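This is entry.cif (mmCIF, C-alpha atoms).
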```cif
data_entry
loop_
_atom_site.label_atom_id
_atom_site.label_comp_id
_atom_site.auth_asym_id
_atom_site.auth_seq_id
_atom_site.Cartn_x
_atom_site.Cartn_y
_atom_site.Cartn_z
CA MET A 1 0.00 0.00 0.00
CA SER A 2 0.94 3.66 -0.40
CA GLU A 3 2.19 5.89 2.39
CA LYS A 4 -0.27 6.68 5.18
CA HIS A 5 -2.96 9.13 4.17
CA LYS A 6 -2.97 12.47 6.00
CA PRO A 7 -6.42 14.07 6.45
CA TYR A 8 -6.70 17.38 4.61
CA GLY A 9 -8.32 19.25 7.48
CA VAL A 10 -10.47 19.22 10.61
CA TYR A 11 -13.61 18.09 8.77
CA GLU A 12 -12.02 14.99 7.30
CA LYS A 13 -10.16 14.13 10.50
CA TYR A 14 -12.90 14.64 13.08
CA PHE A 15 -16.31 15.31 11.56
CA LYS A 16 -16.76 13.47 8.25
CA ARG A 17 -17.47 10.12 9.91
CA MET A 18 -19.91 11.76 12.34
CA PHE A 19 -21.65 13.44 9.41
CA ASP A 20 -21.95 10.07 7.64
CA VAL A 21 -23.49 8.35 10.67
CA ILE A 22 -25.98 11.16 11.36
CA CYS A 23 -27.10 11.30 7.72
CA GLY A 24 -27.27 7.51 7.50
CA VAL A 25 -29.40 7.08 10.61
CA MET A 26 -31.67 9.97 9.60
CA THR A 27 -32.15 8.40 6.16
CA LEU A 28 -33.26 5.11 7.69
CA LEU A 29 -35.61 6.87 10.12
CA VAL A 30 -37.19 9.16 7.54
CA PHE A 31 -37.28 6.77 4.60
CA GLY A 32 -37.72 3.46 6.42
CA TRP A 33 -41.17 3.13 4.80
CA LEU A 34 -39.56 3.36 1.36
CA TYR A 35 -37.09 0.60 2.18
CA ILE A 36 -39.97 -1.64 3.25
CA ILE A 37 -41.99 -0.94 0.09
CA LEU A 38 -39.01 -1.51 -2.18
CA ALA A 39 -38.06 -4.72 -0.37
CA ILE A 40 -41.61 -6.08 -0.83
CA LEU A 41 -41.67 -5.12 -4.52
CA VAL A 42 -38.25 -6.67 -5.14
CA LYS A 43 -39.38 -9.87 -3.40
CA ILE A 44 -42.54 -10.07 -5.52
CA LYS A 45 -41.07 -9.05 -8.88
CA LEU A 46 -37.52 -10.40 -8.73
CA GLY A 47 -37.46 -13.01 -5.98
CA SER A 48 -35.10 -13.71 -3.10
CA PRO A 49 -32.76 -12.69 -1.72
CA VAL A 50 -33.96 -9.10 -1.77
CA LEU A 51 -30.45 -7.74 -1.31
CA PHE A 52 -27.61 -8.19 -3.77
CA LYS A 53 -24.28 -8.57 -1.98
CA GLN A 54 -20.87 -8.28 -3.59
CA GLU A 55 -17.38 -8.03 -2.19
CA ARG A 56 -15.67 -4.70 -2.89
CA PRO A 57 -12.38 -3.14 -1.71
CA GLY A 58 -12.81 -0.36 0.82
CA LYS A 59 -10.43 1.84 2.78
CA ASN A 60 -6.87 0.49 2.59
CA GLU A 61 -8.24 -2.14 0.18
CA LYS A 62 -10.00 -3.96 3.02
CA ILE A 63 -12.70 -6.16 1.49
CA PHE A 64 -16.32 -5.65 2.57
CA LYS A 65 -19.74 -6.72 1.31
CA LEU A 66 -21.59 -4.01 -0.60
CA TYR A 67 -25.40 -4.07 -0.28
CA LYS A 68 -27.86 -3.16 -3.04
CA PHE A 69 -31.42 -4.05 -3.89
CA ARG A 70 -31.31 -6.78 -6.50
CA THR A 71 -32.28 -5.67 -10.01
CA MET A 72 -32.13 -8.98 -11.91
CA THR A 73 -33.96 -12.28 -11.79
CA ASP A 74 -32.35 -15.70 -11.43
CA ALA A 75 -33.58 -16.83 -14.86
CA ARG A 76 -31.50 -19.69 -16.27
CA ASP A 77 -31.21 -21.60 -19.55
CA GLU A 78 -31.93 -25.27 -20.10
CA ASN A 79 -28.45 -26.15 -18.77
CA GLY A 80 -29.05 -24.35 -15.50
CA ASP A 81 -26.72 -21.46 -16.35
CA PHE A 82 -27.72 -17.85 -15.77
CA LEU A 83 -29.10 -16.07 -18.81
CA PRO A 84 -27.20 -12.95 -20.00
CA ASP A 85 -27.61 -9.92 -17.74
CA GLU A 86 -29.71 -8.02 -20.29
CA GLN A 87 -32.27 -10.84 -20.30
CA ARG A 88 -32.45 -11.03 -16.50
CA LEU A 89 -32.76 -7.24 -16.11
CA THR A 90 -36.51 -6.59 -15.99
CA LYS A 91 -38.41 -3.36 -16.54
CA PHE A 92 -38.72 -3.01 -12.77
CA GLY A 93 -34.98 -3.64 -12.33
CA ARG A 94 -34.19 -1.00 -14.94
CA ALA A 95 -36.43 1.48 -13.11
CA LEU A 96 -34.57 0.80 -9.86
CA ARG A 97 -31.22 1.44 -11.52
CA ALA A 98 -32.39 4.51 -13.45
CA SER A 99 -33.70 6.08 -10.24
CA SER A 100 -30.64 4.92 -8.22
CA LEU A 101 -33.05 3.42 -5.67
CA ASP A 102 -31.12 0.15 -5.88
CA GLU A 103 -28.26 1.95 -4.10
CA LEU A 104 -30.29 2.74 -0.95
CA PRO A 105 -29.09 -0.29 1.08
CA GLU A 106 -25.56 1.12 0.92
CA ILE A 107 -26.69 3.35 3.77
CA ILE A 108 -26.16 0.23 5.90
CA ASN A 109 -22.53 0.09 4.70
CA ILE A 110 -22.17 3.76 5.64
CA ILE A 111 -23.50 3.27 9.17
CA LYS A 112 -21.24 0.24 9.63
CA GLY A 113 -18.23 2.37 8.70
CA GLU A 114 -17.41 0.54 5.49
CA MET A 115 -18.44 3.44 3.27
CA SER A 116 -18.98 7.18 3.36
CA LEU A 117 -21.66 9.37 1.82
CA ILE A 118 -19.04 10.88 -0.48
CA GLY A 119 -15.88 9.23 -1.73
CA PRO A 120 -14.52 7.20 -4.66
CA ARG A 121 -17.07 4.58 -5.72
CA PRO A 122 -16.08 1.05 -4.62
CA LEU A 123 -15.19 -0.86 -7.76
CA THR A 124 -14.89 -4.63 -8.09
CA ILE A 125 -12.02 -6.63 -6.64
CA GLN A 126 -10.69 -7.78 -10.01
CA TYR A 127 -9.72 -4.18 -10.84
CA LEU A 128 -7.15 -4.01 -8.03
CA PRO A 129 -4.11 -5.26 -10.03
CA PHE A 130 -4.62 -2.63 -12.72
CA TYR A 131 -4.32 0.60 -10.70
CA SER A 132 -1.23 2.75 -11.01
CA LYS A 133 0.61 3.79 -7.84
CA GLU A 134 -1.13 7.17 -7.97
CA GLU A 135 -4.57 5.66 -8.59
CA LYS A 136 -4.21 3.37 -5.58
CA HIS A 137 -4.64 6.48 -3.42
CA ARG A 138 -8.38 6.22 -4.14
CA HIS A 139 -8.36 3.55 -1.42
CA ASP A 140 -6.80 5.86 1.18
CA VAL A 141 -10.32 6.80 2.32
CA ARG A 142 -13.70 5.10 2.65
CA PRO A 143 -15.48 4.58 -0.67
CA GLY A 144 -18.60 6.64 -1.24
CA LEU A 145 -22.26 6.32 -2.14
CA SER A 146 -21.49 9.12 -4.59
CA GLY A 147 -18.32 10.95 -5.49
CA LEU A 148 -16.57 13.55 -7.61
CA ALA A 149 -16.41 11.21 -10.61
CA GLN A 150 -20.11 10.40 -10.30
CA VAL A 151 -21.15 14.04 -10.70
CA ASN A 152 -18.72 14.58 -13.57
CA GLY A 153 -19.84 11.95 -16.02
CA ARG A 154 -20.04 8.72 -14.05
CA ASN A 155 -19.99 5.76 -16.46
CA PHE A 156 -19.74 8.02 -19.50
CA ILE A 157 -16.13 9.15 -18.95
CA ASP A 158 -13.00 7.11 -19.59
CA TRP A 159 -11.28 5.26 -16.76
CA ASP A 160 -8.19 7.48 -16.66
CA HIS A 161 -10.35 10.56 -16.11
CA ARG A 162 -12.60 8.84 -13.61
CA LEU A 163 -9.75 7.54 -11.46
CA ALA A 164 -7.97 10.90 -11.66
CA LEU A 165 -11.10 12.54 -10.22
CA ASP A 166 -11.13 9.98 -7.40
CA VAL A 167 -7.54 10.83 -6.48
CA GLN A 168 -8.26 14.55 -6.80
CA TYR A 169 -11.08 14.17 -4.27
CA VAL A 170 -8.94 12.18 -1.81
CA LYS A 171 -6.29 14.88 -1.74
CA LYS A 172 -8.67 17.64 -0.65
CA ILE A 173 -11.72 16.55 1.34
CA THR A 174 -13.77 19.43 2.75
CA PHE A 175 -17.29 19.83 4.12
CA LEU A 176 -18.28 22.33 1.41
CA GLY A 177 -16.87 20.01 -1.22
CA ASP A 178 -18.89 17.06 0.10
CA LEU A 179 -22.02 19.19 0.39
CA HIS A 180 -21.59 20.39 -3.19
CA ILE A 181 -21.29 16.79 -4.44
CA ILE A 182 -24.38 15.75 -2.45
CA LEU A 183 -26.43 18.55 -4.01
CA GLN A 184 -25.10 17.75 -7.48
CA THR A 185 -25.92 14.07 -6.96
CA ILE A 186 -29.51 14.86 -5.96
CA ALA A 187 -29.90 17.11 -9.00
CA LYS A 188 -28.59 14.43 -11.35
CA ILE A 189 -30.87 11.77 -9.86
CA ILE A 190 -33.89 14.05 -10.31
CA LYS A 191 -32.87 14.86 -13.89
CA LYS A 192 -31.76 11.24 -14.53
CA GLU A 193 -28.46 12.46 -15.94
CA ASP A 194 -25.40 10.23 -16.47
CA VAL A 195 -27.28 7.14 -15.31
CA ALA A 196 -26.36 4.00 -17.26
CA VAL A 197 -28.83 1.19 -16.65
CA ASP A 198 -26.56 -1.27 -18.45
CA THR A 199 -22.99 -0.13 -17.77
CA ASN A 200 -21.54 -2.77 -20.10
CA LYS A 201 -22.97 -0.86 -23.05
CA VAL A 202 -21.58 2.58 -22.21
CA GLU A 203 -18.25 2.19 -20.46
CA PRO A 204 -15.06 0.58 -21.77
CA ASN A 205 -13.96 -2.73 -20.28
CA PHE A 206 -11.65 -1.82 -17.41
CA ALA A 207 -9.24 -4.74 -17.70
CA GLU A 208 -8.99 -4.44 -21.49
CA GLU A 209 -8.41 -0.69 -21.38
CA ARG A 210 -5.78 -1.02 -18.66
CA SER A 211 -3.98 -3.91 -20.35
CA ALA A 212 -3.84 -1.94 -23.60
CA LYS A 213 -2.44 1.07 -21.75
CA LEU A 214 0.24 -1.03 -20.07
CA ASN A 215 1.25 -2.52 -23.41
CA ARG A 216 1.47 0.95 -24.98
CA ASN A 217 3.68 2.16 -22.12
CA LYS A 218 6.00 -0.83 -22.52
CA ARG A 219 6.47 -0.09 -26.22
CA GLN A 220 7.35 3.55 -25.57
#
```
Mind converting the file's structure to structure tokens?
Amino acid sequence: MSEKHKPYGVYEKYFKRMFDVICGVMTLLVFGWLYIILAILVKIKLGSPVLFKQERPGKNEKIFKLYKFRTMTDARDENGDFLPDEQRLTKFGRALRASSLDELPEIINIIKGEMSLIGPRPLTIQYLPFYSKEEKHRHDVRPGLSGLAQVNGRNFIDWDHRLALDVQYVKKITFLGDLHIILQTIAKIIKKEDVAVDTNKVEPNFAEERSAKLNRNKRQ
């Protein structure tokens, strides 16, 4: 791992975690009814389990289980293998993704201390070998429900730009910066901007893009 991360200021060092917990608990208290309704609908329309769980790297690359509402069925072919994602993604599942409501259970990750409201999005474990030394700094802090990259293009920007935004955020974490990202995130959800229901169709394959970049660098 890289050298120990030094908090930018008082907010990051003493108050960011408190802010996360307060906002997380308030969200559950105020929108508990919505969680219940969504859980029932997911159970009826998509089946069990209601929550989708996947291991992701968090702060200092510590692995944790990310929670989301499931958005796909367990439909299988005649051999018992899962059908392609696009065939298992129902109209209801697409609506959950388009509205970002599938992300709501991540509030549990925030309260547990595995995530933050704002920070670099937790990507999948198989991406870990492909980060540059500089890009690894995205794991110096807790991953976020939303982040600087998410309000600046999300899945519609290339990986170099996205990871650079993650590192830029980590280097200067402030309350006003987090508040600005929260407000931008809310605005984008309302406007349904930069939301890719099927990310495989809009973003380049991470491993392929990184491997190609490494090969180019070796030839130079």
Near range 119-130 of chain A, within 6 Å and counting only C-alpha atoms, which residues show up once chain neighbours fewer than 6 positions away are dropped, as a ChimeraX atom specification?
/A:56,143-144,147,166
Evaluate the PyMOL selection byres ((chain A and resi 4-10) around 7) on the structure here and hand back the selected residues as a PyMOL selection string.
chain A and resi 2-3+11-14+140+171-173
What is the CA of Ser132 in chain A to CA of Arg162 in chain A distance in Å?
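Taking CA of Ser132 in chain A and CA of Arg162 in chain A, their separation equals 13.2 Å.
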Nearest residue to Gln87 in chain A out of A:Lys43, A:Ala75, A:Val141, A:Ser116, using only C-alpha atoms?
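Among the listed residues, the smallest separation from Gln87 in chain A belongs to A:Ala75.
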List as a list in words the protein and nucleic acid residues near Val50 in chain A, meaning an atom at most 7 Å away when all atoms listed in the file are counted, but skip any in the same chain fewer than 4 places from it.
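Non-adjacent residues within range: Ala39, Val42, Lys43, Phe69 and Arg70 of chain A.
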Apply the PyMOL selection byres ((chain A and resi 106) around 8) to the structure shown and report the selected residues as a list in words.
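Going through the file, the PyMOL selection byres ((chain A and resi 106) around 8) ends up selecting Leu66, Tyr67, Lys68, Glu103, Leu104, Pro105, Ile107, Ile108, Asn109, Ile110, Met115 and Leu145 of chain A.
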Closest of A:Glu193, A:Ala187, A:Val21, A:Leu179 to Phe156 in chain A - atom-to-atom distances counting all atoms listed in the file:
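Of A:Glu193, A:Ala187, A:Val21, A:Leu179, the one nearest Phe156 in chain A, counting all atoms listed in the file, is A:Glu193.
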Quick one: pull the distance between CA of Arg154 in chain A and CA of Gln184 in chain A, Å, one decimal.
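Result for CA of Arg154 in chain A versus CA of Gln184 in chain A: 12.3 Å, one decimal.
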One number please: CA of Ile186 in chain A to CA of Gln150 in chain A, in Å, one decimal.
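Result for CA of Ile186 in chain A versus CA of Gln150 in chain A: 11.3 Å, one decimal.
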Using all atoms listed in the file: which of A:Lys91, A:Lys59, A:Arg97, A:Lys65 has the shortest distance to Arg138 in chain A:
A:Lys59
Mind telling me what the PyMOL selection byres ((chain A and resi 20) around 10) catches here, as number ranges by chain?
A: 15-19, 21-26, 107, 110-111, 113, 115-118
Using only C-alpha atoms: which of A:Gly58, A:Ile189, A:Lys133, A:Ala149 has the shortest distance to His161 in chain A
A:Ala149
List as a PyMOL selection string: which residues have an atom within 10 Å of (-33.2, -8.6, -7.4), counting only C-alpha atoms?
chain A and resi 39+41-52+68-74+88-90+92-93+96+102
Have a look at A:Pro84, A:Leu176, A:Ala98, A:Gln168 and name the one nearest to Lys191 in chain A; count only C-alpha atoms.
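Going through A:Pro84, A:Leu176, A:Ala98, A:Gln168 one by one, the smallest distance to Lys191 in chain A is for A:Ala98.
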